[in-house]
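Novice: As input, take coords_13.json (JSON, C-alpha atoms (C1' of nucleotides)):
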```json
[["chain", "number", "residue", "atom", "x", "y", "z"],
["A", 10, "MET", "CA", -5.56, 17.26, -13.41],
["A", 11, "PHE", "CA", -5.03, 13.67, -12.60],
["A", 12, "GLU", "CA", -6.70, 10.37, -13.09],
["A", 13, "LEU", "CA", -7.67, 7.87, -10.50],
["A", 14, "ASP", "CA", -7.67, 4.14, -11.07],
["A", 15, "ILE", "CA", -11.02, 3.13, -9.65],
["A", 16, "ARG", "CA", -10.26, -0.50, -10.28],
["A", 17, "SER", "CA", -7.01, -0.40, -8.37],
["A", 18, "ARG", "CA", -6.71, -2.11, -5.05],
["A", 19, "LYS", "CA", -5.04, 0.98, -3.77],
["A", 20, "PRO", "CA", -7.53, 3.20, -1.95],
["A", 21, "ILE", "CA", -8.60, 6.32, -3.79],
["A", 22, "TYR", "CA", -7.37, 8.62, -1.06],
["A", 23, "GLU", "CA", -3.92, 7.03, -1.21],
["A", 24, "GLN", "CA", -3.74, 7.53, -4.97],
["A", 25, "LEU", "CA", -4.59, 11.18, -4.36],
["A", 26, "VAL", "CA", -1.87, 11.50, -1.74],
["A", 27, "GLU", "CA", 0.70, 10.10, -4.17],
["A", 28, "LYS", "CA", -0.39, 12.23, -7.11],
["A", 29, "LEU", "CA", -0.37, 15.45, -5.15],
["A", 30, "LYS", "CA", 2.93, 14.59, -3.51],
["A", 31, "GLU", "CA", 4.43, 14.02, -6.94],
["A", 32, "LEU", "CA", 3.15, 17.38, -8.19],
["A", 33, "ILE", "CA", 4.66, 19.08, -5.14],
["A", 34, "ILE", "CA", 8.00, 17.30, -5.42],
["A", 35, "THR", "CA", 8.36, 18.06, -9.13],
["A", 36, "GLU", "CA", 7.31, 21.65, -8.36],
["A", 37, "VAL", "CA", 4.33, 21.59, -10.65],
["A", 38, "LEU", "CA", 2.66, 22.84, -7.48],
["A", 39, "LYS", "CA", 4.86, 25.49, -5.89],
["A", 40, "THR", "CA", 5.36, 26.66, -2.35],
["A", 41, "ASP", "CA", 2.32, 28.48, -0.95],
["A", 42, "GLU", "CA", 0.31, 27.69, -4.06],
["A", 43, "GLN", "CA", -3.30, 26.97, -3.19],
["A", 44, "LEU", "CA", -4.69, 23.50, -3.81],
["A", 45, "PRO", "CA", -8.18, 23.06, -5.21],
["A", 46, "SER", "CA", -10.76, 23.13, -2.48],
["A", 47, "VAL", "CA", -12.06, 19.91, -1.07],
["A", 48, "ARG", "CA", -15.49, 20.42, -2.60],
["A", 49, "LEU", "CA", -14.21, 21.54, -6.00],
["A", 50, "LEU", "CA", -11.82, 18.64, -6.41],
["A", 51, "ALA", "CA", -14.49, 16.23, -5.22],
["A", 52, "GLN", "CA", -16.77, 17.55, -7.91],
["A", 53, "GLN", "CA", -14.10, 17.36, -10.58],
["A", 54, "LEU", "CA", -13.16, 13.79, -9.72],
["A", 55, "THR", "CA", -16.72, 12.70, -8.98],
["A", 56, "ILE", "CA", -15.81, 11.41, -5.56],
["A", 57, "ASN", "CA", -16.82, 12.32, -2.04],
["A", 58, "PRO", "CA", -15.37, 15.45, -0.40],
["A", 59, "ASN", "CA", -14.56, 13.41, 2.68],
["A", 60, "THR", "CA", -12.27, 11.27, 0.56],
["A", 61, "ILE", "CA", -10.44, 14.40, -0.61],
["A", 62, "GLN", "CA", -10.27, 15.66, 2.94],
["A", 63, "LYS", "CA", -8.73, 12.38, 4.04],
["A", 64, "ALA", "CA", -6.00, 12.74, 1.42],
["A", 65, "TYR", "CA", -5.39, 16.40, 2.32],
["A", 66, "ARG", "CA", -5.20, 15.42, 5.97],
["A", 67, "GLU", "CA", -2.58, 12.80, 5.26],
["A", 68, "LEU", "CA", -0.52, 15.26, 3.20],
["A", 69, "GLU", "CA", -0.71, 17.74, 6.06],
["A", 70, "VAL", "CA", 0.40, 15.14, 8.59],
["A", 71, "GLN", "CA", 3.36, 14.30, 6.33],
["A", 72, "GLY", "CA", 4.25, 17.98, 6.10],
["A", 73, "TYR", "CA", 3.59, 18.61, 2.40],
["A", 74, "ILE", "CA", 0.70, 21.04, 2.77],
["A", 75, "TYR", "CA", -0.87, 23.29, 5.35],
["A", 76, "SER", "CA", -4.52, 24.21, 5.71],
["A", 77, "ILE", "CA", -6.31, 27.26, 7.03],
["A", 78, "LYS", "CA", -9.96, 27.09, 7.92],
["A", 79, "GLY", "CA", -11.94, 29.43, 5.73],
["A", 80, "LYS", "CA", -9.05, 30.06, 3.34],
["A", 81, "GLY", "CA", -7.89, 26.79, 1.86],
["A", 82, "SER", "CA", -4.99, 24.37, 1.63],
["A", 83, "PHE", "CA", -1.55, 25.37, 0.43],
["A", 84, "VAL", "CA", 1.79, 23.79, -0.44],
["A", 85, "SER", "CA", 4.23, 23.94, 2.48],
["A", 86, "PRO", "CA", 7.73, 25.31, 2.03],
["A", 87, "ALA", "CA", 10.03, 22.33, 1.54],
["A", 88, "SER", "CA", 11.99, 22.99, 4.70],
["A", 89, "ASP", "CA", 8.94, 22.77, 6.91],
["A", 90, "GLY", "CA", 7.55, 19.96, 8.91],
["A", 91, "PHE", "CA", 9.58, 17.07, 7.63],
["A", 92, "ASN", "CA", 10.69, 15.10, 10.60],
["A", 93, "THR", "CA", 13.63, 12.77, 10.82],
["A", 94, "GLU", "CA", 11.28, 9.87, 11.15],
["A", 95, "LYS", "CA", 9.86, 10.32, 7.67],
["A", 96, "LEU", "CA", 13.31, 10.79, 6.19],
["A", 97, "LEU", "CA", 14.46, 7.53, 7.78],
["A", 98, "LYS", "CA", 11.44, 5.73, 6.39],
["A", 99, "VAL", "CA", 12.10, 6.99, 2.85],
["A", 100, "LYS", "CA", 15.74, 5.97, 3.10],
["A", 101, "LYS", "CA", 14.76, 2.55, 4.39],
["A", 102, "ASP", "CA", 12.36, 2.10, 1.50],
["A", 103, "ILE", "CA", 15.04, 3.15, -0.97],
["A", 104, "MET", "CA", 17.47, 0.62, 0.49],
["A", 105, "LYS", "CA", 14.89, -2.11, 0.16],
["A", 106, "LEU", "CA", 14.09, -1.25, -3.43],
["A", 107, "VAL", "CA", 17.74, -0.86, -4.39],
["A", 108, "SER", "CA", 18.49, -4.31, -2.96],
["A", 109, "GLU", "CA", 15.61, -5.72, -4.96],
["A", 110, "ALA", "CA", 16.77, -3.98, -8.13],
["A", 111, "MET", "CA", 20.29, -5.38, -7.71],
["A", 112, "TYR", "CA", 18.87, -8.82, -7.09],
["A", 113, "LEU", "CA", 17.02, -8.43, -10.38],
["A", 114, "GLY", "CA", 20.26, -7.65, -12.18],
["A", 115, "VAL", "CA", 20.44, -3.87, -12.11],
["A", 116, "THR", "CA", 24.02, -2.73, -11.54],
["A", 117, "ALA", "CA", 25.15, -0.14, -9.03],
["A", 118, "ASP", "CA", 26.45, 1.99, -11.90],
["A", 119, "GLU", "CA", 23.04, 1.94, -13.54],
["A", 120, "LEU", "CA", 21.39, 3.06, -10.32],
["A", 121, "ILE", "CA", 23.97, 5.79, -9.79],
["A", 122, "THR", "CA", 23.32, 7.04, -13.31],
["A", 123, "MET", "CA", 19.60, 7.15, -12.51],
["A", 124, "ILE", "CA", 20.25, 9.25, -9.42],
["A", 125, "LYS", "CA", 22.42, 11.68, -11.35],
["A", 126, "GLU", "CA", 19.76, 12.07, -13.99],
["A", 127, "ILE", "CA", 17.09, 12.76, -11.40],
["A", 128, "ASN", "CA", 19.44, 15.20, -9.71],
["A", 129, "LEU", "CA", 19.90, 17.11, -12.94],
["A", 130, "ALA", "CA", 16.20, 17.08, -13.67],
["A", 131, "ILE", "CA", 15.35, 18.45, -10.24],
["A", 132, "GLY", "CA", 18.13, 20.63, -8.94],
["A", 133, "GLY", "CA", 19.96, 21.59, -12.10],
["A", 134, "GLY", "CA", 23.10, 20.22, -10.57],
["A", 135, "ILE", "CA", 23.95, 23.46, -8.90],
["A", 136, "GLU", "CA", 23.91, 22.70, -5.22],
["A", 137, "ASN", "CA", 24.41, 19.01, -4.92],
["A", 138, "ASP", "CA", 26.54, 17.90, -7.77],
["A", 139, "GLN", "CA", 30.19, 18.22, -6.92],
["A", 140, "ASN", "CA", 31.49, 15.10, -8.56],
["B", 97, "MET", "CA", 11.59, -16.82, 11.71],
["B", 98, "PHE", "CA", 9.74, -13.60, 11.26],
["B", 99, "GLU", "CA", 7.14, -11.58, 13.03],
["B", 100, "LEU", "CA", 3.93, -10.28, 11.66],
["B", 101, "ASP", "CA", 2.37, -7.04, 12.69],
["B", 102, "ILE", "CA", -1.24, -8.05, 13.30],
["B", 103, "ARG", "CA", -2.18, -4.46, 14.00],
["B", 104, "SER", "CA", -0.76, -3.19, 10.74],
["B", 105, "ARG", "CA", -3.06, -2.01, 8.00],
["B", 106, "LYS", "CA", -1.01, -4.05, 5.62],
["B", 107, "PRO", "CA", -2.57, -7.46, 4.98],
["B", 108, "ILE", "CA", -0.81, -10.39, 6.61],
["B", 109, "TYR", "CA", -0.15, -12.11, 3.31],
["B", 110, "GLU", "CA", 1.55, -8.98, 1.99],
["B", 111, "GLN", "CA", 3.81, -8.79, 5.02],
["B", 112, "LEU", "CA", 4.74, -12.40, 4.36],
["B", 113, "VAL", "CA", 5.52, -11.66, 0.73],
["B", 114, "GLU", "CA", 7.83, -8.84, 1.74],
["B", 115, "LYS", "CA", 9.60, -10.78, 4.46],
["B", 116, "LEU", "CA", 10.25, -13.80, 2.28],
["B", 117, "LYS", "CA", 11.34, -11.62, -0.60],
["B", 118, "GLU", "CA", 13.82, -9.91, 1.69],
["B", 119, "LEU", "CA", 15.21, -13.25, 2.87],
["B", 120, "ILE", "CA", 15.63, -14.34, -0.75],
["B", 121, "ILE", "CA", 17.24, -11.10, -1.88],
["B", 122, "THR", "CA", 19.72, -11.06, 1.01],
["B", 123, "GLU", "CA", 20.37, -14.76, 0.31],
["B", 124, "VAL", "CA", 19.38, -15.91, 3.74],
["B", 125, "LEU", "CA", 17.25, -18.27, 1.64],
["B", 126, "LYS", "CA", 19.36, -19.61, -1.20],
["B", 127, "THR", "CA", 18.53, -20.84, -4.65],
["B", 128, "ASP", "CA", 16.57, -24.11, -4.66],
["B", 129, "GLU", "CA", 16.31, -24.05, -0.87],
["B", 130, "GLN", "CA", 12.95, -25.36, 0.27],
["B", 131, "LEU", "CA", 10.53, -23.04, 2.03],
["B", 132, "PRO", "CA", 8.57, -24.24, 5.04],
["B", 133, "SER", "CA", 5.40, -25.96, 3.95],
["B", 134, "VAL", "CA", 2.17, -24.07, 3.89],
["B", 135, "ARG", "CA", 0.78, -26.03, 6.82],
["B", 136, "LEU", "CA", 3.93, -25.88, 8.93],
["B", 137, "LEU", "CA", 4.38, -22.13, 8.54],
["B", 138, "ALA", "CA", 0.71, -21.59, 9.23],
["B", 139, "GLN", "CA", 1.10, -23.52, 12.44],
["B", 140, "GLN", "CA", 4.22, -21.63, 13.45],
["B", 141, "LEU", "CA", 2.67, -18.23, 12.79],
["B", 142, "THR", "CA", -0.76, -19.23, 14.08],
["B", 143, "ILE", "CA", -2.48, -18.15, 10.92],
["B", 144, "ASN", "CA", -4.50, -19.92, 8.28],
["B", 145, "PRO", "CA", -2.73, -22.06, 5.67],
["B", 146, "ASN", "CA", -4.73, -20.34, 2.94],
["B", 147, "THR", "CA", -3.10, -17.08, 3.95],
["B", 148, "ILE", "CA", 0.36, -18.64, 3.58],
["B", 149, "GLN", "CA", -0.67, -20.13, 0.27],
["B", 150, "LYS", "CA", -1.78, -16.71, -0.94],
["B", 151, "ALA", "CA", 1.64, -15.25, -0.10],
["B", 152, "TYR", "CA", 3.45, -18.16, -1.75],
["B", 153, "ARG", "CA", 1.26, -17.76, -4.82],
["B", 154, "GLU", "CA", 2.16, -14.10, -5.10],
["B", 155, "LEU", "CA", 5.88, -14.85, -4.74],
["B", 156, "GLU", "CA", 5.56, -17.45, -7.47],
["B", 157, "VAL", "CA", 3.79, -15.01, -9.78],
["B", 158, "GLN", "CA", 6.59, -12.50, -9.18],
["B", 159, "GLY", "CA", 9.19, -15.12, -9.98],
["B", 160, "TYR", "CA", 10.87, -15.51, -6.61],
["B", 161, "ILE", "CA", 9.86, -19.12, -5.87],
["B", 162, "TYR", "CA", 8.57, -22.18, -7.65],
["B", 163, "SER", "CA", 6.28, -24.87, -6.32],
["B", 164, "ILE", "CA", 5.85, -28.54, -7.01],
["B", 165, "LYS", "CA", 2.71, -30.34, -5.95],
["B", 166, "GLY", "CA", 3.56, -33.02, -3.42],
["B", 167, "LYS", "CA", 7.14, -31.81, -2.94],
["B", 168, "GLY", "CA", 7.09, -28.23, -1.74],
["B", 169, "SER", "CA", 8.05, -24.66, -2.59],
["B", 170, "PHE", "CA", 11.61, -23.61, -3.43],
["B", 171, "VAL", "CA", 13.61, -20.47, -4.10],
["B", 172, "SER", "CA", 13.95, -19.75, -7.81],
["B", 173, "PRO", "CA", 17.34, -19.07, -9.38],
["B", 174, "ALA", "CA", 17.76, -15.31, -9.59],
["B", 175, "SER", "CA", 17.89, -15.31, -13.37],
["B", 176, "ASP", "CA", 14.53, -17.00, -13.75],
["B", 177, "GLY", "CA", 11.12, -15.60, -14.33],
["B", 178, "PHE", "CA", 11.81, -11.91, -13.80],
["B", 179, "ASN", "CA", 10.17, -10.08, -16.62],
["B", 180, "THR", "CA", 11.03, -6.66, -17.90],
["B", 181, "GLU", "CA", 7.74, -5.39, -16.61],
["B", 182, "LYS", "CA", 8.66, -6.02, -12.99],
["B", 183, "LEU", "CA", 12.08, -4.49, -13.47],
["B", 184, "LEU", "CA", 10.53, -1.37, -14.93],
["B", 185, "LYS", "CA", 8.17, -1.13, -12.01],
["B", 186, "VAL", "CA", 10.99, -1.38, -9.46],
["B", 187, "LYS", "CA", 12.98, 1.27, -11.32],
["B", 188, "LYS", "CA", 9.96, 3.54, -11.45],
["B", 189, "ASP", "CA", 9.41, 3.12, -7.72],
["B", 190, "ILE", "CA", 13.07, 3.91, -7.07],
["B", 191, "MET", "CA", 12.85, 7.07, -9.16],
["B", 192, "LYS", "CA", 9.81, 8.18, -7.23],
["B", 193, "LEU", "CA", 11.40, 7.55, -3.86],
["B", 194, "VAL", "CA", 14.69, 9.18, -4.87],
["B", 195, "SER", "CA", 12.83, 12.28, -6.00],
["B", 196, "GLU", "CA", 11.04, 12.37, -2.67],
["B", 197, "ALA", "CA", 14.29, 11.90, -0.76],
["B", 198, "MET", "CA", 15.90, 14.77, -2.65],
["B", 199, "TYR", "CA", 12.88, 16.94, -2.02],
["B", 200, "LEU", "CA", 13.35, 16.16, 1.67],
["B", 201, "GLY", "CA", 16.95, 17.35, 1.53],
["B", 202, "VAL", "CA", 18.93, 14.19, 0.85],
["B", 203, "THR", "CA", 21.78, 14.90, -1.54],
["B", 204, "ALA", "CA", 22.66, 12.88, -4.62],
["B", 205, "ASP", "CA", 26.04, 12.09, -3.08],
["B", 206, "GLU", "CA", 24.36, 10.70, 0.00],
["B", 207, "LEU", "CA", 22.17, 8.47, -2.13],
["B", 208, "ILE", "CA", 25.11, 7.32, -4.22],
["B", 209, "THR", "CA", 26.98, 6.41, -1.04],
["B", 210, "MET", "CA", 23.97, 4.37, 0.07],
["B", 211, "ILE", "CA", 23.97, 2.45, -3.21],
["B", 212, "LYS", "CA", 27.69, 1.72, -2.94],
["B", 213, "GLU", "CA", 27.24, 0.44, 0.59],
["B", 214, "ILE", "CA", 24.42, -1.83, -0.46],
["B", 215, "ASN", "CA", 26.49, -3.01, -3.39],
["B", 216, "LEU", "CA", 29.35, -3.97, -1.10],
["B", 217, "ALA", "CA", 27.04, -5.68, 1.33],
["B", 218, "ILE", "CA", 25.43, -7.74, -1.38],
["B", 219, "GLY", "CA", 27.87, -8.48, -4.15],
["B", 220, "GLY", "CA", 31.16, -7.97, -2.40],
["B", 221, "GLY", "CA", 32.02, -5.49, -5.11],
["B", 222, "ILE", "CA", 33.35, -8.13, -7.43],
["B", 223, "GLU", "CA", 31.09, -8.00, -10.44],
["B", 224, "ASN", "CA", 29.48, -4.61, -10.42],
["B", 225, "ASP", "CA", 31.91, -2.22, -8.87],
["B", 226, "GLN", "CA", 34.29, -0.85, -11.45],
["B", 227, "ASN", "CA", 34.64, 2.66, -10.17],
["C", 109, "DT", "C1'", -0.65, -47.20, 2.82],
["C", 110, "DA", "C1'", 0.40, -43.29, 5.48],
["C", 111, "DA", "C1'", 2.17, -38.92, 5.91],
["C", 112, "DC", "C1'", 3.72, -35.41, 3.90],
["C", 113, "DT", "C1'", 3.28, -31.73, 0.02],
["C", 114, "DG", "C1'", 0.61, -27.98, -2.90],
["C", 115, "DT", "C1'", -3.89, -26.22, -4.51],
["C", 116, "DA", "C1'", -8.65, -24.83, -4.60],
["C", 117, "DC", "C1'", -13.17, -24.18, -3.16],
["C", 118, "DT", "C1'", -17.31, -22.52, -0.02],
["C", 119, "DA", "C1'", -19.12, -19.88, 3.69],
["C", 120, "DG", "C1'", -18.98, -16.57, 7.35],
["C", 121, "DG", "C1'", -17.14, -12.70, 10.17],
["C", 122, "DT", "C1'", -14.47, -8.46, 10.49],
["C", 123, "DA", "C1'", -12.19, -4.32, 9.12],
["C", 124, "DT", "C1'", -11.48, -0.84, 5.85],
["C", 125, "DG", "C1'", -12.77, 2.37, 2.30],
["C", 126, "DA", "C1'", -16.12, 5.19, 0.18],
["C", 127, "DT", "C1'", -20.32, 7.34, 0.11],
["C", 128, "DA", "C1'", -24.32, 10.51, 1.42],
["C", 129, "DG", "C1'", -25.76, 13.65, 4.44],
["C", 130, "DT", "C1'", -25.35, 17.05, 7.83],
["C", 131, "DA", "C1'", -23.39, 20.65, 10.62],
["C", 132, "DC", "C1'", -19.97, 23.74, 12.65],
["C", 133, "DA", "C1'", -16.17, 27.24, 12.41],
["C", 134, "DC", "C1'", -13.61, 30.47, 9.70],
["C", 135, "DT", "C1'", -12.61, 34.06, 5.88],
["C", 136, "DA", "C1'", -13.67, 37.42, 2.47],
["C", 137, "DT", "C1'", -16.70, 40.41, 0.14],
["C", 138, "DG", "C1'", -20.52, 43.52, -0.79],
["D", 146, "DC", "C1'", -25.12, 41.51, 8.40],
["D", 147, "DA", "C1'", -25.78, 38.24, 4.63],
["D", 148, "DT", "C1'", -23.79, 35.43, 1.28],
["D", 149, "DA", "C1'", -20.55, 32.42, -0.72],
["D", 150, "DG", "C1'", -16.66, 30.49, -0.35],
["D", 151, "DT", "C1'", -13.24, 27.64, 2.68],
["D", 152, "DG", "C1'", -11.77, 23.54, 6.00],
["D", 153, "DT", "C1'", -13.26, 20.03, 9.41],
["D", 154, "DA", "C1'", -15.86, 16.52, 11.68],
["D", 155, "DC", "C1'", -19.41, 13.49, 12.65],
["D", 156, "DT", "C1'", -23.04, 9.53, 11.84],
["D", 157, "DA", "C1'", -24.87, 5.87, 9.21],
["D", 158, "DT", "C1'", -24.76, 2.68, 5.44],
["D", 159, "DC", "C1'", -22.89, -0.21, 1.90],
["D", 160, "DA", "C1'", -19.31, -2.71, -0.74],
["D", 161, "DT", "C1'", -15.02, -4.88, -0.84],
["D", 162, "DA", "C1'", -10.98, -7.19, 0.77],
["D", 163, "DC", "C1'", -8.92, -10.01, 4.14],
["D", 164, "DC", "C1'", -8.80, -13.85, 7.14],
["D", 165, "DT", "C1'", -10.62, -17.72, 9.02],
["D", 166, "DA", "C1'", -12.47, -22.64, 9.37],
["D", 167, "DG", "C1'", -13.47, -26.45, 6.98],
["D", 168, "DT", "C1'", -13.18, -29.62, 3.35],
["D", 169, "DA", "C1'", -11.38, -32.06, -0.60],
["D", 170, "DC", "C1'", -8.44, -33.24, -4.51],
["D", 171, "DA", "C1'", -3.86, -34.24, -6.71],
["D", 172, "DG", "C1'", 0.97, -35.32, -6.25],
["D", 173, "DT", "C1'", 5.37, -37.28, -3.92],
["D", 174, "DT", "C1'", 7.92, -40.17, -0.90],
["D", 175, "DA", "C1'", 9.20, -43.89, 2.17]]
```
Can you give me the file's structure in the form of structure tokens?

Specialist:
Amino acid sequence: MFELDIRSRKPIYEQLVEKLKELIITEVLKTDEQLPSVRLLAQQLTINPNTIQKAYRELEVQGYIYSIKGKGSFVSPASDGFNTEKLLKVKKDIMKLVSEAMYLGVTADELITMIKEINLAIGGGIENDQN
Amino acid sequence: MFELDIRSRKPIYEQLVEKLKELIITEVLKTDEQLPSVRLLAQQLTINPNTIQKAYRELEVQGYIYSIKGKGSFVSPASDGFNTEKLLKVKKDIMKLVSEAMYLGVTADELITMIKEINLAIGGGIENDQN
DNA sequence: TAACTGTACTAGGTATGATAGTACACTATG
DNA sequence: CATAGTGTACTATCATACCTAGTACAGTTA
């Protein structure tokens, strides 16, 4: 399903958070789809279930999944649980990275092209693209 | 000069790297301008000089500064030392964050507006903006 | 020569991450 | 009701990374 970089300085649970978030955002995992159970995924990845649980917890706090005792963990609908605070943080991070990219020589046009390509890849250009 | 968040999970030297990088990118620190010495900054921030040195080392590895034994550390010219690998990494990070922003409901137009604003703030729109 | 600069090393303490183990609460099924 | 699944939470232990204090070497400048 995914591979963890044991040698990375990034904690294992954070790598998990990022991987699962990516699968949700690219809709490989769809709304209300069940995630593998904590114990199953732990077994598959040969890591401790508490480490999985820590990642699932973080995803739930960020609003990407929801969990039901006895049933499992599921992908949240995209409109749920995302607060303005998180949105502001993502925007702030984008601004920082965009500034760094421009400092490194990337042009605004190049970045705009990137955004359009991502937009097409994700939304099909139906709702957002009015240019 | 800047403030460190001692309570943050992020290591102090990493916060330093980010702050200094930001000052360089926004040209608060200009090319060939000397950075405070390792010992002076350590004294000002009440942290260990080795911690400063670690941050400076990382900035040098990434190509943002250069150091001369006995003289000091200085801001590198923007065209120096940035390899393609770092550029690719920044672009990849931007793609990831943009995808997440769109998943959270930010439109492509909104993101494009952000990029144009940053472009104006940084370059004055002289070299890059041909729209 | 003195005072600055960067750089590198050792040793010790602390915090974080991951693990192993255990246990509780809930759901679904037969 | 028992069983097998699910999530959740806790304790204890170990390894690693970070930061510190201290020390020392090499270079530059006045």

Novice: Would you mind reading off the distance between C1' of DA175 (chain D) and CA of Glu129 (chain B), one decimal, in Å?

Specialist: 21.3 Å

Novice: Using only C-alpha atoms (C1' of nucleotides), which residues of chain D come within 12 Å of chain B, and what is the closest atom pair for each, with the distance in Å to one decimal? Give it as a tab-separated table, sorted by chain and residue number.

Specialist:
```
residue	atom	partner	partner_atom	distance
D:DA162	C1'	B:Pro107	CA	9.4
D:DC163	C1'	B:Pro107	CA	6.9
D:DC164	C1'	B:Thr147	CA	7.3
D:DT165	C1'	B:Asn144	CA	6.5
D:DA166	C1'	B:Asn144	CA	8.5
D:DG167	C1'	B:Asn144	CA	11.2
D:DC170	C1'	B:Lys165	CA	11.6
D:DA171	C1'	B:Lys165	CA	7.7
D:DG172	C1'	B:Gly166	CA	4.5
D:DT173	C1'	B:Gly166	CA	4.7
D:DT174	C1'	B:Lys167	CA	8.6
```

Novice: Could you take the residues named above and write them with C-alpha atoms (C1' of nucleotides), as a PDB file, in the frame of the given file?

Specialist:
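See selection-v1.pdb below for the written result:
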```
ATOM      1  C1'  DA D 162     -10.980  -7.190   0.770  1.00  0.00           C
ATOM      2  C1'  DC D 163      -8.920 -10.010   4.140  1.00  0.00           C
ATOM      3  C1'  DC D 164      -8.800 -13.850   7.140  1.00  0.00           C
ATOM      4  C1'  DT D 165     -10.620 -17.720   9.020  1.00  0.00           C
ATOM      5  C1'  DA D 166     -12.470 -22.640   9.370  1.00  0.00           C
ATOM      6  C1'  DG D 167     -13.470 -26.450   6.980  1.00  0.00           C
ATOM      7  C1'  DC D 170      -8.440 -33.240  -4.510  1.00  0.00           C
ATOM      8  C1'  DA D 171      -3.860 -34.240  -6.710  1.00  0.00           C
ATOM      9  C1'  DG D 172       0.970 -35.320  -6.250  1.00  0.00           C
ATOM     10  C1'  DT D 173       5.370 -37.280  -3.920  1.00  0.00           C
ATOM     11  C1'  DT D 174       7.920 -40.170  -0.900  1.00  0.00           C
TER      12       DT D 174
END
```

Novice: Using only C-alpha atoms (C1' of nucleotides), I'd like every residue of chain C that has an atom within 10 Å of chain B; please write them out as number ranges by chain.

Specialist: C: 112-116, 123-124

Novice: Please identify every residue of chain A that has at least one atom no more than 6 Å from any atom of chain B, counting all atoms listed in the file, and report them as an mmCIF file with C-alpha atoms, keeping the file's coordinate frame.

Specialist:
```
data_model
loop_
_atom_site.group_PDB
_atom_site.id
_atom_site.type_symbol
_atom_site.label_atom_id
_atom_site.label_comp_id
_atom_site.auth_asym_id
_atom_site.auth_seq_id
_atom_site.Cartn_x
_atom_site.Cartn_y
_atom_site.Cartn_z
ATOM 1 C CA ILE A 34 8.000 17.300 -5.420
ATOM 2 C CA TYR A 112 18.870 -8.820 -7.090
ATOM 3 C CA THR A 116 24.020 -2.730 -11.540
ATOM 4 C CA ILE A 121 23.970 5.790 -9.790
ATOM 5 C CA ASN A 137 24.410 19.010 -4.920
#
```

Novice: C1' of DT137 (chain C) and C1' of DG150 (chain D), how far apart in Å?

Specialist: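 Distance between the two atoms: 9.9 Å.
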
Novice: What does the structure give for the distance between CA of Ser17 (chain A) and CA of Glu99 (chain B), in Å to one decimal?

Specialist: 28.0 Å

Novice: Please write as a list in words the list of polymer residues whose atoms come within 9 Å of (-0.1, 17.5, -3.3), counting all atoms listed in the file and keeping to the coordinates of the file.

Specialist: Leu25, Val26, Glu27, Lys28, Leu29, Lys30, Glu31, Leu32, Ile33, Ile34, Leu38, Leu44, Ala64, Tyr65, Leu68, Tyr73, Ile74, Phe83 and Val84 of chain A
